[in-house]
2 protein chains.
Amino acid sequence: MSLKGNLLVGQSGGPTAVINASLAGVVEEAKKHSEIADIYGCVHGVQGLLKEDIADLGREKPDTIKGLKTTPSAALGSCRYKLKADDAERLLRVIQAHNVRHFLYIGGNDSAETCHTIAELALREGYEMRVMGVPKTVDNDLQYTDHCPGYGSVARFVAVATMDAGRDTEAIGIVDNVKVIETMGRNAGWITAAAGLARREELEAPHLIYLPEIAFNKDQFLSDVQNVFGRFGYCVLAVCEGLRDAEGKELAASGSTIDTDAFGHKQLGGVGDLLCDLIATNLKIKARCDKPGTIQRMSSLIASSVDIEEAYMVGQAAVRAAAEGTSGQMVTLVRESDDPYSCTTGLVPLEKVAAGEKKVPREFVTPEGNFVSQAFLDYVRPLVGSLPKYARLELHRVAKRLS
Amino acid sequence: MSLKGNLLVGQSGGPTAVINASLAGVVEEAKKHSEIADIYGCVHGVQGLLKEDIADLGREKPDTIKGLKTTPSAALGSCRYKLKADDAERLLRVIQAHNVRHFLYIGGNDSAETCHTIAELALREGYEMRVMGVPKTVDNDLQYTDHCPGYGSVARFVAVATMDAGRDTEAIGIVDNVKVIETMGRNAGWITAAAGLARREELEAPHLIYLPEIAFNKDQFLSDVQNVFGRFGYCVLAVCEGLRDAEGKELAASGSTIDTDAFGHKQLGGVGDLLCDLIATNLKIKARCDKPGTIQRMSSLIASSVDIEEAYMVGQAAVRAAAEGTSGQMVTLVRESDDPYSCTTGLVPLEKVAAGEKKVPREFVTPEGNFVSQAFLDYVRPLVGSLPKYARLELHRVAKRLS
């Protein structure tokens with residue numbers, strides 16, 4: 001089973017708060033395997049690999065590798081690069097030239113596709129190499145895994161930010177009536193859904209949650225906002241940047257070519273401002289938008305401790321699997337129990353992961369389609385670690401003495 | 001000197017991460033003074049006071065008051081209400097009806113104006129009452145105080161968010177070339193300036209900082225961005241929502257009446273998207289905007305410990321001053337030394353505070369006008385508490401074996 005040679009690891013796709021924890025897991029585990037000689041990293045993923053831009057991670061200080069566990073973003077540099085037909089031969093030549101026998105790629109759906117292509121190529125060319133995918137995506141949209149490393153931290157950020165923005169709007173809602181929090185999510189509403197964790201009492205934010213899985217209906221939306229505003233005097237909404245109408249058309253897709261990435265995905269944004277306009281114009285109440293953008297997926301100080309540990313664990317598991325002879329697979333997270341929460345790792349063919357996205361299932365949304373269900377809250381709660389506890393004054397009113 | 005009666009405290013203006021710490025300081029200090037009978041809070045500031053909406057804070061659990069130190073936003077509810085001429089008589093009647101002899105108002109410039117009006121009114125009507133202002137504003141634009149409670153926390157948020165977004169752009173900058181971080185600040189660039197703390201090495205974010213105190217020049221701006229991009233392959237900018245052109249006109253002011261508050265200030269927003277468009281159109285490179293909005297001023301988990309302590313301290317100091325017979329003054333923060341940092345409290349007439357705003361002085365900006373100076377960094381560093389330390393790989397390149 002033992003295959004002597006070097007290990008090469010790369011990071012790909014949108015960075016997260018914990019993708020470096022997976023890198024730390026890979027490097028620290030690789031050092032324990034005597035058949036692995038050098039530990040290499042490709043700089044900026046396969047895009048760097050094509051240029052033979054490779055760094056020797058074995059020469060990094062152990063403290064630096066350890067520090068990666070609490071350092072956000074992709075320390076090796078990332079990329080969004082779709083392999084072209086004529087890249088294949090070049091890639092394999094680079095890999096062979098550096099005697100890479102274990103190839104690990106940390107990323108999401110698109111990275112699984114890239115990783116699968118490399119595994120197939122090596123097989124076809126008869127080059128013995130073990131190829132493993134390490135899951136990573138804040139979008140939480142990988143199939144065959146309970147959840148994705150990176151998601152717990154962005155979910156925690158969104159939950160805490162919604163608690164904070166909610167308290168803000170509660171205090172100043174008599175002036176700034178409506179707050180719209182726009183979160184990431186191209187096709188799946190997992191990140192937005194996590195805002196639901198913020199609400200512990202009925203009056204608390206968020207009051208409404210809109211996901212791309214549920215077709216957006218303008219009249220229903222305005223009626224929802226009006227109802228909440230009438231009841232509490234303010235309203236906080238969490239909305240996904242990828243909201244779609246009944247025809248499946250994105251409410252706020254940029255038409256500019258410069259905003260389309262190598263995989264043909266349009267950059268989204270602006271749905272929050274669009275909804276604020278809709279509210280101000282139709283309901284004549286003031287609405288403001290918060291759009292934390294990249295900050296939501298990268299916050300090191302708000303990262304989930306559970307997420308950090310699991311990200312490290314999938315990195316380790318990928319090295320172990322490769323060392324045992326596994327190839328063409330991605331590591332998955334398998335939830336063993338909810339209370340107490342425990343999670344182990346499994347395996348799934350890369351090909352299957354690359355083929356699809358996991359959307360938020362209908363049973364994770366309320367029948368009305370404007371909030372998340374208890375089943376979703378039970379699913380997400382263990383992933384985010386602890387949430388802050390805020391004080392709330394009882395505000396015992398003093399009897400009025402004037403008319 | 002001792003004046004027997006009740007104390008009334010209110011919160012006003014935009015909530016912050018630490019305005020409740022000031023409320024805790026007021027309540028816990030007031031309990032120590034035997035001449036203060038009941039401790040009241042007006043719900044939603046003077047707007048609630050006009051409706052005689054008063055809560056008895058003496059009946060709150062001590063743990064709740066203690067918990068306010070780590071609870072963001074205004075627990076009493078806030079307002080943005082400019083007193084009208086015919087409000088005056090009503091206000092004084094409410095105050096007299098509840099035997100309020102110590103009136104404390106936590107807020108910024110506009111709140112100092114309100115507070116001053118109440119102090120003048122009581123004096124004119126011969127009603128003996130001590131009126132004290134407690135400083136609060138994330139904008140850091142109050143004169144006569146070294147800095148304002150609330151600022152240290154938003155500064156820490158912006159510094160950390162810039163570190164995080166910077167690492168993100170560094171990793172994925174080959175795809176998403178430019179990141180614009182839009183921060184709050186109507187007329188003063190203090191919040192935006194704090195992004196400068198994120199940069200510890202030359203290649204690190206932010207590369208450029210633009211404040212409303214320096215007239216925005218489009219050609220210079222595009223040239224700055226092009227230069228940084230040419231050098232590092234990516235570029236991160238911190239920009240203030242209140243950016244102005246050479247004529248003093250805001251680059252991105254909303255024209256809608258619904259977006260103008262009671263003090264006539266226009267709601268700003270959109271300058272980040274505007275600059276992204278400018279970059280994409282003129283330089284043909286991709287630019288994205290992060291706009292954390294209210295989240296920046298409200299983050300409890302990223303709040304500065306120094307800020308929390310000082311916010312509590314100014315609340316205490318206001319009660320002590322009132323108990324000693326002071327009136328018509330606002331508590332200030334007086335920096336005693338930089339290293340080790342130490343700060344005490346002082347006093348300034350409310351009238352003087354209400355009269356103006358403190359902008360970022362020219363010497364806190366580099367001669368080129370596109371970054372902050374060392375003098376500013378020395379000023380702001382002690383206010384934010386500790387910043388995270390991130391690992392950075394050395395990336396020792398492996399020799400190429402292919403041509």
# chains A, B, ... in the order shown; residues from 1 in each chain; ligands from 1
call {"tool": "residues_around", "arguments": {"residues": "Ser327 in chain B", "least_positions_apart": "6", "cutoff": "6 Å", "atoms": "only C-alpha atoms", "output": "ChimeraX atom specification"}}
result
/B:130-132
call {"tool": "write_last_selection", "arguments": {"atoms": "C-alpha atoms", "output": "PDB file, in the first residue's frame"}}
result
ATOM      1  CA  ARG B 130     -28.046  68.865  37.495  1.00  0.00           C
ATOM      2  CA  VAL B 131     -27.704  68.068  33.830  1.00  0.00           C
ATOM      3  CA  MET B 132     -24.736  66.053  32.560  1.00  0.00           C
TER       4      MET B 132
END
call {"tool": "calpha_fit_and_write", "arguments": {"fixed": "chain B", "moving": "chain A", "output": "compact mmCIF listing (two decimals) with C-alpha atoms, in the first residue's frame"}}
result
# COMPACT_ATOMS: atom_id res chain seq x y z
CA MET A 1 -24.17 70.53 47.57
CA SER A 2 -26.39 67.51 48.12
CA LEU A 3 -29.58 67.62 46.09
CA LYS A 4 -32.18 65.02 47.00
CA GLY A 5 -34.36 63.51 44.32
CA ASN A 6 -34.41 61.07 41.47
CA LEU A 7 -31.95 60.45 38.65
CA LEU A 8 -33.06 60.08 35.04
CA VAL A 9 -30.80 58.70 32.32
CA GLY A 10 -31.43 58.42 28.57
CA GLN A 11 -29.62 57.12 25.50
CA SER A 12 -29.68 58.92 22.18
CA GLY A 13 -28.33 58.77 18.62
CA GLY A 14 -26.82 55.77 16.86
CA PRO A 15 -26.29 52.80 19.17
CA THR A 16 -22.75 51.48 19.76
CA ALA A 17 -21.10 48.35 21.12
CA VAL A 18 -20.48 50.07 24.47
CA ILE A 19 -23.26 52.63 25.10
CA ASN A 20 -24.81 50.11 27.49
CA ALA A 21 -21.53 49.96 29.42
CA SER A 22 -22.01 53.69 30.09
CA LEU A 23 -25.57 52.98 31.26
CA ALA A 24 -24.20 50.30 33.61
CA GLY A 25 -21.66 52.83 34.93
CA VAL A 26 -24.44 55.36 35.59
CA VAL A 27 -26.74 52.91 37.36
CA GLU A 28 -24.08 51.20 39.49
CA GLU A 29 -22.56 54.53 40.52
CA ALA A 30 -25.96 56.11 41.26
CA LYS A 31 -26.74 53.32 43.72
CA LYS A 32 -23.78 54.49 45.84
CA HIS A 33 -25.23 57.99 46.36
CA SER A 34 -27.77 58.22 49.17
CA GLU A 35 -29.19 61.53 47.95
CA ILE A 36 -30.29 59.79 44.76
CA ALA A 37 -33.62 58.09 45.47
CA ASP A 38 -34.99 56.38 42.37
CA ILE A 39 -32.96 55.65 39.22
CA TYR A 40 -35.12 56.16 36.16
CA GLY A 41 -34.47 55.60 32.48
CA CYS A 42 -36.36 57.32 29.69
CA VAL A 43 -37.34 54.88 26.96
CA HIS A 44 -36.20 56.08 23.51
CA GLY A 45 -34.52 59.21 24.86
CA VAL A 46 -36.29 62.57 24.97
CA GLN A 47 -38.81 61.29 22.44
CA GLY A 48 -40.02 58.84 25.09
CA LEU A 49 -39.65 61.41 27.85
CA LEU A 50 -42.14 63.70 26.09
CA LYS A 51 -44.62 60.81 26.31
CA GLU A 52 -43.68 60.26 29.95
CA ASP A 53 -42.36 56.80 29.05
CA ILE A 54 -40.10 56.17 32.03
CA ALA A 55 -38.74 52.87 33.42
CA ASP A 56 -37.58 52.20 36.98
CA LEU A 57 -34.01 50.93 36.61
CA GLY A 58 -33.74 50.34 40.35
CA ARG A 59 -36.01 47.34 39.87
CA GLU A 60 -33.71 45.62 37.36
CA LYS A 61 -31.72 42.62 38.59
CA PRO A 62 -28.09 43.55 39.43
CA ASP A 63 -26.94 40.80 37.02
CA THR A 64 -28.86 42.44 34.20
CA ILE A 65 -27.15 45.76 34.86
CA LYS A 66 -23.80 43.98 34.99
CA GLY A 67 -24.64 42.16 31.73
CA LEU A 68 -25.11 45.52 30.00
CA LYS A 69 -21.32 45.89 29.94
CA THR A 70 -21.14 43.24 27.23
CA THR A 71 -24.48 43.90 25.52
CA PRO A 72 -24.35 46.09 22.42
CA SER A 73 -26.90 48.74 21.44
CA ALA A 74 -29.02 51.06 23.55
CA ALA A 75 -30.94 48.92 26.06
CA LEU A 76 -33.25 51.84 26.93
CA GLY A 77 -34.02 52.46 23.28
CA SER A 78 -32.61 55.44 21.43
CA CYS A 79 -33.93 58.29 19.28
CA ARG A 80 -32.85 61.02 16.90
CA TYR A 81 -35.18 63.78 17.97
CA LYS A 82 -34.57 67.51 17.68
CA LEU A 83 -36.52 69.37 20.36
CA LYS A 84 -39.20 71.65 19.00
CA ALA A 85 -39.97 75.01 20.59
CA ASP A 86 -43.22 73.81 22.18
CA ASP A 87 -41.60 70.63 23.59
CA ALA A 88 -39.81 72.61 26.26
CA GLU A 89 -42.65 73.23 28.66
CA ARG A 90 -43.90 69.64 28.38
CA LEU A 91 -40.43 68.23 29.06
CA LEU A 92 -39.95 70.25 32.21
CA ARG A 93 -43.41 69.27 33.48
CA VAL A 94 -42.54 65.56 33.07
CA ILE A 95 -39.19 66.07 34.78
CA GLN A 96 -40.74 67.96 37.67
CA ALA A 97 -43.63 65.49 38.02
CA HIS A 98 -41.08 62.73 38.70
CA ASN A 99 -38.86 64.87 40.92
CA VAL A 100 -35.85 64.37 38.65
CA ARG A 101 -32.88 66.26 40.07
CA HIS A 102 -30.10 64.56 38.13
CA PHE A 103 -30.56 64.32 34.37
CA LEU A 104 -27.93 62.36 32.38
CA TYR A 105 -28.00 61.97 28.64
CA ILE A 106 -25.69 59.59 26.79
CA GLY A 107 -25.01 60.62 23.19
CA GLY A 108 -23.03 62.57 20.56
CA ASN A 109 -23.11 66.13 19.16
CA ASP A 110 -26.84 66.26 18.59
CA SER A 111 -27.52 64.79 22.02
CA ALA A 112 -25.22 67.39 23.60
CA GLU A 113 -27.39 70.05 21.95
CA THR A 114 -30.55 68.45 23.34
CA CYS A 115 -28.94 68.12 26.75
CA HIS A 116 -27.81 71.77 26.70
CA THR A 117 -31.33 72.92 25.82
CA ILE A 118 -32.74 71.01 28.80
CA ALA A 119 -30.10 72.45 31.15
CA GLU A 120 -30.85 75.99 29.95
CA LEU A 121 -34.57 75.44 30.26
CA ALA A 122 -34.34 74.24 33.86
CA LEU A 123 -32.13 77.18 34.74
CA ARG A 124 -34.51 79.65 33.12
CA GLU A 125 -37.52 78.15 34.89
CA GLY A 126 -35.70 78.10 38.21
CA TYR A 127 -35.99 74.32 38.59
CA GLU A 128 -32.96 73.00 40.44
CA MET A 129 -31.49 70.08 38.46
CA ARG A 130 -28.05 68.88 37.50
CA VAL A 131 -27.71 68.07 33.82
CA MET A 132 -24.73 66.06 32.56
CA GLY A 133 -23.75 64.76 29.13
CA VAL A 134 -22.12 61.35 28.78
CA PRO A 135 -20.10 61.13 25.54
CA LYS A 136 -20.87 58.41 23.04
CA THR A 137 -20.25 58.21 19.35
CA VAL A 138 -18.56 55.80 17.02
CA ASP A 139 -17.84 58.81 14.80
CA ASN A 140 -15.23 60.11 17.29
CA ASP A 141 -16.13 63.63 16.19
CA LEU A 142 -16.78 65.27 19.57
CA GLN A 143 -14.50 68.18 20.34
CA TYR A 144 -12.73 68.69 23.69
CA THR A 145 -12.36 64.96 24.39
CA ASP A 146 -9.30 62.92 23.36
CA HIS A 147 -11.64 60.33 21.85
CA CYS A 148 -15.22 59.10 22.26
CA PRO A 149 -16.51 55.91 23.90
CA GLY A 150 -17.72 53.68 21.08
CA TYR A 151 -14.89 54.67 18.76
CA GLY A 152 -12.31 52.17 20.06
CA SER A 153 -14.67 49.27 19.33
CA VAL A 154 -15.65 50.32 15.82
CA ALA A 155 -11.97 51.07 15.15
CA ARG A 156 -11.08 47.54 16.29
CA PHE A 157 -13.83 46.07 14.10
CA VAL A 158 -12.65 48.00 11.04
CA ALA A 159 -8.99 47.08 11.68
CA VAL A 160 -9.78 43.36 12.07
CA ALA A 161 -12.22 43.33 9.14
CA THR A 162 -9.55 44.96 6.97
CA MET A 163 -6.98 42.37 8.08
CA ASP A 164 -9.46 39.62 7.19
CA ALA A 165 -10.66 41.09 3.88
CA GLY A 166 -7.03 41.85 3.09
CA ARG A 167 -5.97 38.23 3.54
CA ASP A 168 -8.94 37.18 1.45
CA THR A 169 -8.02 39.50 -1.43
CA GLU A 170 -4.36 38.54 -1.16
CA ALA A 171 -5.36 34.89 -1.69
CA ILE A 172 -7.94 35.37 -4.43
CA GLY A 173 -6.74 38.71 -5.86
CA ILE A 174 -5.78 37.03 -9.12
CA VAL A 175 -9.55 36.75 -9.70
CA ASP A 176 -11.19 39.43 -7.55
CA ASN A 177 -8.60 42.14 -8.04
CA VAL A 178 -9.79 45.02 -5.92
CA LYS A 179 -11.65 45.12 -2.63
CA VAL A 180 -13.30 48.31 -1.43
CA ILE A 181 -14.31 48.43 2.25
CA GLU A 182 -16.90 51.14 2.85
CA THR A 183 -17.11 52.35 6.45
CA MET A 184 -19.29 54.80 8.32
CA GLY A 185 -18.52 58.52 8.74
CA ARG A 186 -20.77 61.37 7.72
CA ASN A 187 -18.26 64.23 7.78
CA ALA A 188 -15.24 62.83 9.60
CA GLY A 189 -13.00 59.97 8.54
CA TRP A 190 -12.03 58.63 11.98
CA ILE A 191 -13.62 55.20 11.48
CA THR A 192 -12.14 54.69 8.02
CA ALA A 193 -8.72 55.82 9.23
CA ALA A 194 -8.63 52.95 11.75
CA ALA A 195 -8.28 50.51 8.84
CA GLY A 196 -4.65 51.65 8.76
CA LEU A 197 -3.96 49.52 11.86
CA ALA A 198 -4.38 46.38 9.74
CA ARG A 199 -1.23 47.04 7.71
CA ARG A 200 1.92 45.65 9.29
CA GLU A 201 3.88 44.82 6.13
CA GLU A 202 3.97 46.82 2.93
CA LEU A 203 2.08 44.27 0.86
CA GLU A 204 -0.72 44.02 3.43
CA ALA A 205 -4.14 45.66 3.31
CA PRO A 206 -5.19 48.39 3.27
CA HIS A 207 -3.06 49.91 0.51
CA LEU A 208 -5.09 53.08 0.23
CA ILE A 209 -7.34 55.03 2.60
CA TYR A 210 -9.66 57.84 1.53
CA LEU A 211 -11.24 60.22 4.04
CA PRO A 212 -13.84 62.97 3.56
CA GLU A 213 -11.36 65.50 4.93
CA ILE A 214 -9.31 65.19 1.71
CA ALA A 215 -11.09 66.25 -1.50
CA PHE A 216 -11.61 63.23 -3.76
CA ASN A 217 -9.82 63.47 -7.08
CA LYS A 218 -10.96 60.86 -9.58
CA ASP A 219 -7.82 60.82 -11.73
CA GLN A 220 -5.50 60.62 -8.73
CA PHE A 221 -7.67 57.86 -7.27
CA LEU A 222 -7.55 55.74 -10.42
CA SER A 223 -3.82 56.29 -10.71
CA ASP A 224 -3.34 55.22 -7.05
CA VAL A 225 -5.32 52.00 -7.58
CA GLN A 226 -3.52 51.21 -10.83
CA ASN A 227 -0.12 51.68 -9.14
CA VAL A 228 -0.93 49.35 -6.22
CA PHE A 229 -2.48 46.76 -8.51
CA GLY A 230 0.57 46.86 -10.78
CA ARG A 231 2.85 46.32 -7.80
CA PHE A 232 1.06 43.64 -5.78
CA GLY A 233 -1.46 42.15 -8.21
CA TYR A 234 -4.36 43.16 -5.97
CA CYS A 235 -5.48 46.20 -4.04
CA VAL A 236 -7.53 46.80 -0.90
CA LEU A 237 -9.03 50.23 -0.17
CA ALA A 238 -10.78 51.62 2.89
CA VAL A 239 -13.17 54.42 1.97
CA CYS A 240 -15.49 56.60 3.99
CA GLU A 241 -19.18 56.80 3.08
CA GLY A 242 -18.93 60.60 3.36
CA LEU A 243 -16.27 61.14 0.65
CA ARG A 244 -16.50 64.58 -0.96
CA ASP A 245 -15.25 66.20 -4.13
CA ALA A 246 -13.27 69.46 -4.34
CA GLU A 247 -16.52 71.47 -4.12
CA GLY A 248 -17.42 69.68 -0.88
CA LYS A 249 -20.24 67.75 -2.55
CA GLU A 250 -20.81 64.22 -1.27
CA LEU A 251 -19.96 61.59 -3.88
CA ALA A 252 -22.89 59.41 -2.88
CA ALA A 253 -25.68 61.24 -1.07
CA SER A 254 -29.19 59.94 -1.39
CA GLY A 255 -31.59 62.52 -2.79
CA SER A 256 -34.69 60.93 -1.28
CA THR A 257 -36.48 62.89 1.49
CA ILE A 258 -37.22 59.67 3.39
CA ASP A 259 -33.44 59.39 3.79
CA THR A 260 -32.97 62.69 5.64
CA ASP A 261 -33.11 62.58 9.43
CA ALA A 262 -34.59 65.03 11.92
CA PHE A 263 -31.32 66.97 12.11
CA GLY A 264 -31.27 67.41 8.32
CA HIS A 265 -28.37 64.95 7.80
CA LYS A 266 -28.64 62.93 4.62
CA GLN A 267 -28.27 59.19 4.88
CA LEU A 268 -25.19 58.17 2.95
CA GLY A 269 -24.23 54.94 1.32
CA GLY A 270 -23.23 53.57 -1.98
CA VAL A 271 -19.83 55.24 -2.31
CA GLY A 272 -18.15 51.81 -2.29
CA ASP A 273 -20.26 50.52 -5.18
CA LEU A 274 -19.71 53.81 -6.99
CA LEU A 275 -15.91 53.46 -6.71
CA CYS A 276 -16.07 49.78 -7.80
CA ASP A 277 -17.89 50.91 -10.96
CA LEU A 278 -15.30 53.62 -11.52
CA ILE A 279 -12.46 51.10 -11.23
CA ALA A 280 -14.11 48.44 -13.42
CA THR A 281 -15.03 50.95 -16.11
CA ASN A 282 -11.74 52.82 -16.26
CA LEU A 283 -9.11 50.25 -15.29
CA LYS A 284 -10.92 47.13 -16.56
CA ILE A 285 -10.18 45.26 -13.34
CA LYS A 286 -12.73 43.60 -11.10
CA ALA A 287 -13.66 45.40 -7.90
CA ARG A 288 -16.02 44.25 -5.11
CA CYS A 289 -17.37 46.15 -2.14
CA ASP A 290 -17.85 45.13 1.50
CA LYS A 291 -20.16 47.39 3.49
CA PRO A 292 -20.52 46.10 7.05
CA GLY A 293 -22.96 48.89 7.94
CA THR A 294 -24.42 48.79 11.45
CA ILE A 295 -22.49 45.60 12.22
CA GLN A 296 -19.26 47.63 12.46
CA ARG A 297 -20.52 49.80 15.33
CA MET A 298 -22.28 46.99 17.20
CA SER A 299 -19.97 44.00 17.31
CA SER A 300 -19.93 42.73 20.87
CA LEU A 301 -17.42 39.97 20.11
CA ILE A 302 -14.90 42.32 18.51
CA ALA A 303 -15.45 45.21 20.98
CA SER A 304 -12.33 46.80 22.48
CA SER A 305 -11.84 46.01 26.17
CA VAL A 306 -10.31 49.48 26.64
CA ASP A 307 -13.42 51.04 25.11
CA ILE A 308 -15.77 49.05 27.35
CA GLU A 309 -13.91 50.15 30.48
CA GLU A 310 -13.81 53.80 29.42
CA ALA A 311 -17.50 53.81 28.49
CA TYR A 312 -18.29 52.52 31.98
CA MET A 313 -15.92 55.11 33.49
CA VAL A 314 -17.58 58.12 31.79
CA GLY A 315 -20.97 56.92 33.05
CA GLN A 316 -19.66 56.78 36.60
CA ALA A 317 -17.90 60.14 36.26
CA ALA A 318 -21.09 61.85 35.10
CA VAL A 319 -22.99 60.67 38.20
CA ARG A 320 -20.14 61.75 40.49
CA ALA A 321 -19.96 65.19 38.87
CA ALA A 322 -23.73 65.66 39.15
CA ALA A 323 -23.66 64.53 42.76
CA GLU A 324 -20.95 67.13 43.43
CA GLY A 325 -23.14 69.86 42.01
CA THR A 326 -21.81 70.13 38.45
CA SER A 327 -24.32 70.87 35.70
CA GLY A 328 -24.39 71.78 32.00
CA GLN A 329 -21.19 69.86 31.34
CA MET A 330 -20.17 66.78 29.39
CA VAL A 331 -17.62 64.29 30.69
CA THR A 332 -14.48 64.09 28.51
CA LEU A 333 -11.69 61.57 28.18
CA VAL A 334 -8.25 62.99 28.93
CA ARG A 335 -5.23 61.00 27.74
CA GLU A 336 -2.60 61.09 30.47
CA SER A 337 0.07 59.02 28.75
CA ASP A 338 0.64 56.88 25.68
CA ASP A 339 3.02 54.25 26.95
CA PRO A 340 1.69 52.80 29.13
CA TYR A 341 -1.62 54.17 27.94
CA SER A 342 -3.69 55.83 30.64
CA CYS A 343 -6.77 57.97 30.55
CA THR A 344 -8.78 59.96 33.10
CA THR A 345 -11.93 62.07 32.81
CA GLY A 346 -12.48 65.81 32.57
CA LEU A 347 -15.38 68.20 31.95
CA VAL A 348 -16.41 70.58 29.18
CA PRO A 349 -19.52 72.80 28.81
CA LEU A 350 -22.23 71.04 26.75
CA GLU A 351 -22.69 74.20 24.72
CA LYS A 352 -19.13 73.98 23.40
CA VAL A 353 -19.51 70.31 22.44
CA ALA A 354 -22.79 70.94 20.63
CA ALA A 355 -21.26 73.71 18.54
CA GLY A 356 -18.91 71.71 16.34
CA GLU A 357 -17.43 68.50 15.01
CA LYS A 358 -13.85 67.30 15.29
CA LYS A 359 -12.50 66.22 11.93
CA VAL A 360 -9.37 64.19 11.30
CA PRO A 361 -6.52 66.75 11.37
CA ARG A 362 -4.29 67.05 8.30
CA GLU A 363 -1.25 65.73 10.18
CA PHE A 364 -3.06 62.40 10.70
CA VAL A 365 -3.04 61.85 6.93
CA THR A 366 0.04 61.31 4.74
CA PRO A 367 1.16 64.20 2.49
CA GLU A 368 -0.21 62.28 -0.55
CA GLY A 369 -3.64 62.21 1.12
CA ASN A 370 -4.24 58.51 0.48
CA PHE A 371 -3.18 56.89 3.78
CA VAL A 372 -2.96 57.67 7.51
CA SER A 373 0.21 58.93 9.18
CA GLN A 374 2.25 57.36 11.95
CA ALA A 375 0.93 60.08 14.29
CA PHE A 376 -2.61 58.80 13.75
CA LEU A 377 -1.59 55.17 14.27
CA ASP A 378 0.09 56.15 17.57
CA TYR A 379 -3.12 57.96 18.57
CA VAL A 380 -5.51 55.12 17.75
CA ARG A 381 -3.52 52.02 18.70
CA PRO A 382 -4.12 52.12 22.50
CA LEU A 383 -7.87 52.57 21.98
CA VAL A 384 -8.54 49.30 20.17
CA GLY A 385 -6.92 46.82 22.58
CA SER A 386 -5.06 43.84 21.14
CA LEU A 387 -5.33 42.80 17.51
CA PRO A 388 -5.04 39.18 16.34
CA LYS A 389 -1.71 37.86 15.08
CA TYR A 390 -1.93 35.89 11.85
CA ALA A 391 0.59 33.40 10.54
CA ARG A 392 2.27 34.02 7.20
CA LEU A 393 3.96 31.21 5.25
CA GLU A 394 7.47 31.96 4.03
CA LEU A 395 6.75 30.00 0.81
CA HIS A 396 10.27 28.80 0.01
CA ARG A 397 10.01 28.13 -3.71
CA VAL A 398 11.10 24.74 -5.06
CA ALA A 399 13.46 24.96 -8.08
CA LYS A 400 11.64 24.52 -11.40
CA ARG A 401 12.45 21.38 -13.31
CA LEU A 402 10.55 22.14 -16.48
CA SER A 403 11.04 24.91 -18.97
call {"tool": "select_by_dssp", "arguments": {"residues": "range 43-114 of chain B", "states": "strand (DSSP E or B)", "output": "list in words"}}
result
Ile54, Ala55, Asp56, Val100, Arg101, His102, Phe103, Leu104, Tyr105, Ile106 and Gly107 of chain B
